[in-house]
Amino acid sequence: MPDPWTLRYQGFDPAEEGLREALCAVGNGYLVSRGAAPESVADGVHYPGTYLAGCYDRAESTVGEHVVANEDLINCPNWLPLTFRPADGRWFTGPPTEQTLELDLRRGLLTRTALVVDERGRRTTLVQRRLASQARPHLLVLESTFTPQNWSGPWEVRSGLDGRITNTGVARYRGLAGRHLVPAGQGVDEDGLLRLEADAIDSPLRIALCARIRADREHTATTEYREGRVAHLLALEGSAGRPVTVTKTVAVHTSHDRAIETPLLASRLLAAEAGDFDQLLVEHTVRWAELWRRCRIEADFDGAGPLHLNLFHLLQTYSEHSVDLDVGVPARGLHGEAYRGHVFWDELFVLRLLNLRFPELARAVLRYRHRRLDAARRQARELGLRGAVYPWQSARDGREESQQLHLNPLSGRWLPDHSHLQRHVGSAVAYNIWQYYQSTGDRDFLATAGAEMLLEIARFWSSVAVHDPARGHWSVRGVLGPDEYHDGYPWKTRPGLDDNAYTNVLASWVLARAQDALDVLPGYRRDELRERLELDAGELERWQEVGRHLHVPFHDGVLSQFDGYERLAELDWPEYRRRYPDLRRLDRILEAEGDTVNRYKASKQADALMLWYLFSAREVRDLLRHLGHPAHHELLRRTTDYYLRRTVHGSTLSSVVHAWVLTRCDRRASWHHFRDALVADLRDNQHGTTAEGVHLGAMAGAVDLLQRCYTGLDVREDALWLDPHLPSALGRLELDLRYRGHWGLTLAVDRRTVTVSLRPDRQEPVRIRLRGTETTVLPGETQCFRL
């Protein structure tokens with residue numbers, strides 16, 4: 001990205017089209033629309049897709065002897081279709097003879113410039129501009145300007161809406177049911193607006209689109225009808241060198257939306273009253289300028305383009321328009337159908353960034369989790385346990401949406417999927433709650449929602465832990481850690497692992513923070529919660545007992561990923577690297593060979609090292625000592641070296657975590673992993689997966705490496721902690737943050753100094769802890785600290 005504010009692609013490459021469509025998507029938090037060509041259809045190269053936040057549908061499929069149900073983020077009716085032809089020619093279906101795509105990140109504007117040459121050599125220049133309005137989130141606009149170069153005569157434009165859409169954007173899902181919409185009517189109203197409605201099959205959801213199509217030259221218009229499709233056919237007279245502009249303005253509403261009478265009526269009113277393209281672009285640009293001001297990060301390295309791209313897609317997926325929608329953060333954004341649009345623990349990586357930029361968005365994500373607390377309680381009861389068990393994959397109503405089977409494309413076999421045993425997702429929710437509170441001081445949220453979730457998650461960990469008299473410790477059995485490769489012991493038939501170190505240490509942390517949350521609350525609210533949850537002194541004592549004595553395994557002077565890890569075999573790494581240049585999906589490789597990754601000391605991504613991602617080295621030592629384990633200063637380096645040699649980075653999150661952890665012991669290696677994480681989607685590091693949806697956790701995590709890791713920024717104990725660790729390739733960082741009501745906290749870090757500035761305000765002073773010293777910065781004050 002030579003221009004740090006423009007993503008540009010030249011020409012047409014079928015092998016890259018899916019990647020380009022995902023990265024050139026435009027959205028606003030209510031919806032995201034992939035950057036597919038308007039004349040294209042889903043044909044294995046192109047994949048037009050538009051996804052509305054929170055719009056899911058369930059469908060059943062038969063796999064062998066199993067009937068499985070999957071809830072998918074719906075690919076909604078296609079608003080894009082638009083093509084043209086000279087009156088005696090063929091409809092343009094692409095690709096063009098020449099093409100340039102430019103995504104303007106400052107304005108959220110996608111521009112396509114193309115040369116179309118038809119079968120008779122007639123040349124037409126095509127310029128198309130597209131946006132999903134940040135000012136009016138239900139509006140999508142496509143402006144197309146056609147200029148005949150060497151011909152004149154009658155010609156036609158066809159522009160319509162298509163409701164005959166299925167979910168077929170992920171190849172490995174195509175054997176499963178993919179139809180989620182049925183047509184519910186189409187036509188044209190008295191004002192010439194196209195209308196189309198579709199209903200979800202398994203839910204009461206209705207989606208309605210209305211399109212206004214205008215040309216700036218004299219024309220006649222007729223309407224084409226087919227079931228599930230409607231289009232205007234414009235007949236015009238073309239003159240060589242004379243441009244003609246056709247603007248398509250589409251309004252989208254659903255039955256989920258608030259403050260409307262019906263989706264169709266709301267869409268019709270909005271499409272009719274919307275201004276022209278330039279007016280809509282002006283108000284849209286104003287909103288993007290506001291967002292970029294709040295996301296300012298200045299860093300003197302050559303990665304500003306990917307940095308802006310990652311922030312851009314984060315802001316398109318979750319924005320102010322998401323707050324009232326009751327939606328979480330889909331792991332793959334709203335950019336495709338990978339992971340079926342589900343919400344995972346990836347929000348752990350996203351909220352760490354949002355807490356200090358857009359805390360209102362972080363709060364909305366946590367509200368999504370709170371509304372599904374009863375579903376989490378239900379899942380705990382079904383397991384015979386107390387408290388709340390949050391699902392590994394969440395979607396519409398908070399039930400577990402993890403697949404029961406998954407396909408290994410290398411072997412063609414469907415295999416049992418045990419990923420729902422990743423119980424650590426509940427601890428991630430608890431961590432997010434506490435980090436949000438530390439960043440904002442929002443005691444109202446803690447009192448009304450956060451503490452209740454935290455207490456119920458703590459109750460689950462106390463309930464699931466079993467006492468091991470032989471060790472004198474408590475154990476958590478039958479779970480999966482973040483690694484994901486290991487889902488069982490090779491010497492046992494039941495799935496799950498015992499005493500995953502990350503899971504247990506974090507569970508101990510949750511049990512301690514639950515008590516802290518009670519202590520923070522006003523006395524009457526504390527009493528109300530304890531009464532509501534029937535939480536007595538005896539149960540709180542058990543929490544302390546379990547939280548101090550959960551088993552954490554070690555071997556060879558390092559933290560063991562799980563109990564029994566040392567019994568696994570060493571993989572012949574040189575041999576496998578010789579045979580397979582790319583080992584990211586080592587689990588699939590071994591399964592296709594008739595083997596299993598469960599036999600080996602090999603990790604997909606960081607697992608035990610996640611502790612040092614969430615906590616400072618000192619905090620990890622304190623957590624382990626709280627559990628009765630001596631934790632020397634060399635533990636981090638030894639554990640990092642041990643697992644780094646055995647990790648294949650099969651997840652984009654892995655580089656984020658390793659960059660964070662390595663900054664404390666190997667800044668050069670940290671910078672390498674940071675650069676890898678920063679461009680993970682831009683370069684499609686996972687070889688084809690970005691086309692199915694961006695990796696939002698990695699995008700946010702890479703930005704957060706600049707925001708908090710290299711600045712050494714942490715929020716705890718009612719203070720901002722700073723301990724800069726700038727890599728040699730990075731000389732200076734400056735960024736604006738929001739912290740505890742301060743909208744204007746500026747932090748600047750270079751090799752010798754740290755500068756903290758507060759804009760004049762009526763907020764409380766900010767406590768700063770910097771390498772053992774403490775000071776207070778007042779509103780309107782700037783303080784510079786020597787390193």
# chains A, B, ... in the order shown; residues from 1 in each chain; ligands from 1
>>> select_by_dssp(residues="region 260-358 of chain A", states="helix (DSSP H, G or I)", output="NGL selection string")
:A and (263-273 or 277-294 or 304-317 or 320-325 or 338-341 or 347-354)
>>> residues_around(residues="Ala700 (chain A)", least_positions_apart="5", cutoff="9 Å", atoms="only C-alpha atoms", output="JSON, numbers by chain")
{"A": [310, 311, 314, 349, 350, 351, 352, 353, 354, 695, 705]}
>>> residues_around(residues="His308 (chain A)", least_positions_apart="2", cutoff="12 Å", atoms="only C-alpha atoms", output="CSV table (one decimal) with N, CA and C atoms, in the first residue's frame")
chain,number,residue,atom,x,y,z
A,1,MET,N,0.8,-1.2,0.0
A,1,MET,CA,0.0,0.0,0.0
A,1,MET,C,0.9,1.2,0.0
A,3,ASP,N,0.2,4.2,-0.9
A,3,ASP,CA,-0.6,5.3,-0.4
A,3,ASP,C,-1.2,4.7,0.9
A,4,PRO,N,-0.9,5.2,2.1
A,4,PRO,CA,-1.4,4.6,3.3
A,4,PRO,C,-2.9,4.8,3.5
A,5,TRP,N,-3.6,5.5,2.7
A,5,TRP,CA,-5.0,5.6,2.8
A,5,TRP,C,-5.8,5.0,1.6
A,6,THR,N,-5.1,4.3,0.8
A,6,THR,CA,-5.8,3.7,-0.4
A,6,THR,C,-5.3,2.3,-0.6
A,7,LEU,N,-6.3,1.4,-0.7
A,7,LEU,CA,-6.0,0.0,-1.1
A,7,LEU,C,-6.3,-0.1,-2.6
A,103,LEU,N,-10.0,1.5,-3.0
A,103,LEU,CA,-10.7,1.7,-1.8
A,103,LEU,C,-10.2,2.8,-1.0
A,104,ASP,N,-10.9,3.9,-0.9
A,104,ASP,CA,-10.5,5.1,-0.2
A,104,ASP,C,-10.8,4.9,1.3
A,105,LEU,N,-9.8,4.6,2.1
A,105,LEU,CA,-10.1,4.3,3.5
A,105,LEU,C,-10.5,5.5,4.3
A,106,ARG,N,-10.1,6.7,4.0
A,106,ARG,CA,-10.5,7.9,4.7
A,106,ARG,C,-12.0,8.1,4.6
A,107,ARG,N,-12.6,7.7,3.4
A,107,ARG,CA,-14.0,8.1,3.2
A,107,ARG,C,-14.9,6.8,3.1
A,108,GLY,N,-14.3,5.6,3.1
A,108,GLY,CA,-15.1,4.4,2.9
A,108,GLY,C,-15.8,4.4,1.6
A,291,LEU,N,-14.7,9.3,13.0
A,291,LEU,CA,-14.1,8.0,13.4
A,291,LEU,C,-12.6,8.0,13.4
A,292,TRP,N,-12.0,8.5,12.3
A,292,TRP,CA,-10.6,8.5,12.2
A,292,TRP,C,-9.9,9.5,13.2
A,295,CYS,N,-9.5,7.5,16.3
A,295,CYS,CA,-8.6,6.3,16.1
A,295,CYS,C,-7.2,6.7,15.8
A,296,ARG,N,-6.8,8.0,16.1
A,296,ARG,CA,-5.5,8.5,15.6
A,296,ARG,C,-4.4,7.7,16.3
A,297,ILE,N,-3.5,7.1,15.4
A,297,ILE,CA,-2.3,6.5,15.8
A,297,ILE,C,-1.2,6.9,14.8
A,298,GLU,N,-0.2,7.6,15.3
A,298,GLU,CA,0.9,8.0,14.5
A,298,GLU,C,2.2,7.2,14.9
A,299,ALA,N,2.7,6.4,13.9
A,299,ALA,CA,3.9,5.6,14.2
A,299,ALA,C,4.8,5.7,13.1
A,302,ASP,N,6.7,1.9,8.1
A,302,ASP,CA,6.1,1.9,6.8
A,302,ASP,C,4.9,1.1,6.8
A,303,GLY,N,4.2,0.9,7.9
A,303,GLY,CA,3.0,0.0,7.9
A,303,GLY,C,1.7,0.8,8.1
A,304,ALA,N,1.7,2.1,7.8
A,304,ALA,CA,0.5,2.9,8.1
A,304,ALA,C,-0.7,2.4,7.2
A,305,GLY,N,-0.4,1.9,6.0
A,305,GLY,CA,-1.5,1.4,5.2
A,305,GLY,C,-2.3,0.3,5.8
A,306,PRO,N,-1.5,-0.8,6.0
A,306,PRO,CA,-2.2,-2.0,6.7
A,306,PRO,C,-2.8,-1.6,8.0
A,310,ASN,N,-6.8,-2.3,8.7
A,310,ASN,CA,-7.3,-3.1,9.8
A,310,ASN,C,-8.4,-2.3,10.7
A,311,LEU,N,-8.0,-1.0,11.0
A,311,LEU,CA,-9.0,-0.2,11.7
A,311,LEU,C,-10.3,0.0,10.9
A,312,PHE,N,-10.1,0.2,9.6
A,312,PHE,CA,-11.2,0.4,8.7
A,312,PHE,C,-12.2,-0.7,8.8
A,313,HIS,N,-11.7,-1.9,8.7
A,313,HIS,CA,-12.7,-3.1,8.7
A,313,HIS,C,-13.2,-3.3,10.1
A,314,LEU,N,-12.5,-3.0,11.1
A,314,LEU,CA,-13.1,-3.1,12.4
A,314,LEU,C,-14.2,-2.1,12.6
A,315,LEU,N,-14.1,-0.9,12.1
A,315,LEU,CA,-15.1,0.1,12.3
A,315,LEU,C,-16.3,-0.2,11.3
A,678,LEU,N,0.0,-7.8,11.2
A,678,LEU,CA,-0.5,-6.6,10.7
A,678,LEU,C,-1.0,-6.8,9.2
A,679,VAL,N,-0.3,-7.7,8.5
A,679,VAL,CA,-0.7,-7.9,7.1
A,679,VAL,C,-1.3,-9.3,6.8
A,682,LEU,N,-4.2,-8.8,4.5
A,682,LEU,CA,-3.8,-8.1,3.3
A,682,LEU,C,-3.0,-9.1,2.4
A,699,MET,N,-6.9,-8.5,13.2
A,699,MET,CA,-6.8,-7.1,12.8
A,699,MET,C,-6.8,-6.1,14.0
A,700,ALA,N,-7.7,-6.3,14.9
A,700,ALA,CA,-7.7,-5.5,16.1
A,700,ALA,C,-6.5,-5.7,17.0
A,702,ALA,N,-3.5,-6.6,16.1
A,702,ALA,CA,-2.3,-6.0,15.5
A,702,ALA,C,-2.2,-4.5,15.8
A,703,VAL,N,-3.4,-3.8,15.7
A,703,VAL,CA,-3.4,-2.4,16.1
A,703,VAL,C,-3.1,-2.2,17.6
>>> closest_residue(among="A:Glu528, A:Asp572, A:Asp88, A:Glu591", to="Tyr485 (chain A)", atoms="only C-alpha atoms")
A:Glu591
>>> residues_around(residues="Ala617 (chain A)", least_positions_apart="6", cutoff="12 Å", atoms="only C-alpha atoms", output="number ranges by chain")
A: 609-611, 623-624, 631-637, 660-665, 712, 723
>>> write_last_selection(atoms="C-alpha atoms", output="PDB file, in the first residue's frame")
ATOM      1  CA  LEU A 609       1.613 -18.197  26.472  1.00  0.00           C
ATOM      2  CA  MET A 610      -1.810 -16.534  26.385  1.00  0.00           C
ATOM      3  CA  LEU A 611      -1.330 -15.823  30.096  1.00  0.00           C
ATOM      4  CA  LEU A 623      -1.062 -15.519  39.873  1.00  0.00           C
ATOM      5  CA  LEU A 624       1.131 -18.614  39.916  1.00  0.00           C
ATOM      6  CA  ALA A 631       7.508 -18.615  39.468  1.00  0.00           C
ATOM      7  CA  HIS A 632      11.011 -17.417  38.725  1.00  0.00           C
ATOM      8  CA  HIS A 633      11.854 -14.597  36.325  1.00  0.00           C
ATOM      9  CA  GLU A 634      13.169 -17.047  33.712  1.00  0.00           C
ATOM     10  CA  LEU A 635       9.824 -18.836  33.410  1.00  0.00           C
ATOM     11  CA  LEU A 636       8.562 -16.545  30.635  1.00  0.00           C
ATOM     12  CA  ARG A 637      11.683 -16.892  28.487  1.00  0.00           C
ATOM     13  CA  TRP A 660       3.082  -9.398  22.559  1.00  0.00           C
ATOM     14  CA  VAL A 661       4.915 -12.005  24.637  1.00  0.00           C
ATOM     15  CA  LEU A 662       8.244 -11.670  22.826  1.00  0.00           C
ATOM     16  CA  THR A 663       8.432  -7.919  23.359  1.00  0.00           C
ATOM     17  CA  ARG A 664       9.600  -8.680  26.917  1.00  0.00           C
ATOM     18  CA  CYS A 665      12.474 -10.948  25.888  1.00  0.00           C
ATOM     19  CA  GLY A 712       3.560  -0.805  27.805  1.00  0.00           C
ATOM     20  CA  ASP A 723       6.338   0.544  30.576  1.00  0.00           C
TER      21      ASP A 723
END
>>> atom_distance(atom1="CA of Ala659 (chain A)", atom2="CA of Leu348 (chain A)")
16.3 Å
>>> closest_residue(among="A:Leu325, A:Val597, A:Ala36, A:Cys210", to="Ala569 (chain A)", atoms="only C-alpha atoms")
A:Val597
>>> residues_around(residues="Arg164 (chain A)", least_positions_apart="6", cutoff="8 Å", atoms="only C-alpha atoms", output="PyMOL selection string")
chain A and resi 77+181-183+228-229
>>> write_last_selection(atoms="C-alpha atoms", output="PDB file, in the first residue's frame")
ATOM      1  CA  PRO A  77     -30.770 -10.313  -1.100  1.00  0.00           C
ATOM      2  CA  LEU A 181     -34.400 -17.092   2.345  1.00  0.00           C
ATOM      3  CA  VAL A 182     -37.649 -17.486   0.456  1.00  0.00           C
ATOM      4  CA  PRO A 183     -39.077 -14.735  -1.795  1.00  0.00           C
ATOM      5  CA  GLY A 228     -37.417 -13.440  -6.423  1.00  0.00           C
ATOM      6  CA  ARG A 229     -36.038 -10.829  -8.837  1.00  0.00           C
TER       7      ARG A 229
END
>>> closest_residue(among="A:Glu619, A:Glu401, A:Asp483, A:Asp216", to="Thr647 (chain A)", atoms="only C-alpha atoms")
A:Asp483
>>> closest_residue(among="A:Glu71, A:Asp487, A:Glu575, A:Glu566", to="Asp587 (chain A)", atoms="only C-alpha atoms")
A:Asp487
>>> closest_residue(among="A:Pro204, A:Gly557, A:Gly688, A:Gly238", to="Thr640 (chain A)", atoms="only C-alpha atoms")
A:Gly557
>>> atom_distance(atom1="CA of Ala376 (chain A)", atom2="CA of Tyr339 (chain A)")
20.3 Å
>>> atom_distance(atom1="CA of Leu586 (chain A)", atom2="CA of Arg172 (chain A)")
17.6 Å
>>> residues_around(residues="Asp43 (chain A)", least_positions_apart="4", cutoff="10 Å", atoms="only C-alpha atoms", output="PDB file with N, CA and C atoms, in the first residue's frame")
ATOM      1  N   TYR A  47     -18.143 -13.642  -5.621  1.00  0.00           N
ATOM      2  CA  TYR A  47     -19.153 -13.999  -4.620  1.00  0.00           C
ATOM      3  C   TYR A  47     -19.771 -12.726  -4.052  1.00  0.00           C
ATOM      4  N   PRO A  48     -20.811 -12.182  -4.737  1.00  0.00           N
ATOM      5  CA  PRO A  48     -21.510 -11.040  -4.156  1.00  0.00           C
ATOM      6  C   PRO A  48     -22.142 -11.458  -2.825  1.00  0.00           C
ATOM      7  N   THR A 168     -23.272 -19.890  -0.085  1.00  0.00           N
ATOM      8  CA  THR A 168     -22.348 -20.850  -0.719  1.00  0.00           C
ATOM      9  C   THR A 168     -20.934 -20.287  -0.763  1.00  0.00           C
ATOM     10  N   GLY A 169     -20.622 -19.373   0.162  1.00  0.00           N
ATOM     11  CA  GLY A 169     -19.352 -18.668   0.095  1.00  0.00           C
ATOM     12  C   GLY A 169     -18.168 -19.418   0.657  1.00  0.00           C
TER      13      GLY A 169
END
>>> residues_around(residues="region 411-419 of chain A", least_positions_apart="3", cutoff="12 Å", atoms="only C-alpha atoms", output="ChimeraX atom specification")
/A:62-66,68,172-173,175,344,391-393,400-408,422-425,478-488,494-497,587-596
>>> select_by_dssp(residues="region 19-266 of chain A", states="strand (DSSP E or B)", output="JSON, numbers by chain")
{"A": [26, 27, 31, 32, 33, 50, 51, 52, 53, 54, 55, 56, 57, 58, 59, 60, 61, 62, 63, 66, 67, 68, 69, 70, 71, 72, 73, 74, 75, 78, 82, 83, 84, 85, 86, 98, 99, 100, 101, 102, 103, 104, 109, 110, 111, 112, 113, 114, 115, 116, 117, 123, 124, 125, 126, 127, 128, 129, 130, 131, 132, 139, 140, 141, 142, 143, 144, 145, 146, 147, 148, 153, 154, 155, 156, 157, 158, 159, 160, 161, 162, 181, 182, 183, 184, 185, 186, 187, 188, 194, 195, 196, 197, 198, 199, 200, 206, 207, 208, 209, 210, 211, 212, 213, 214, 215, 220, 221, 222, 223, 224, 225, 226, 229, 230, 231, 232, 233, 234, 235, 236, 237, 238, 244, 245, 246, 247, 248, 249, 250, 251, 252, 253, 254]}
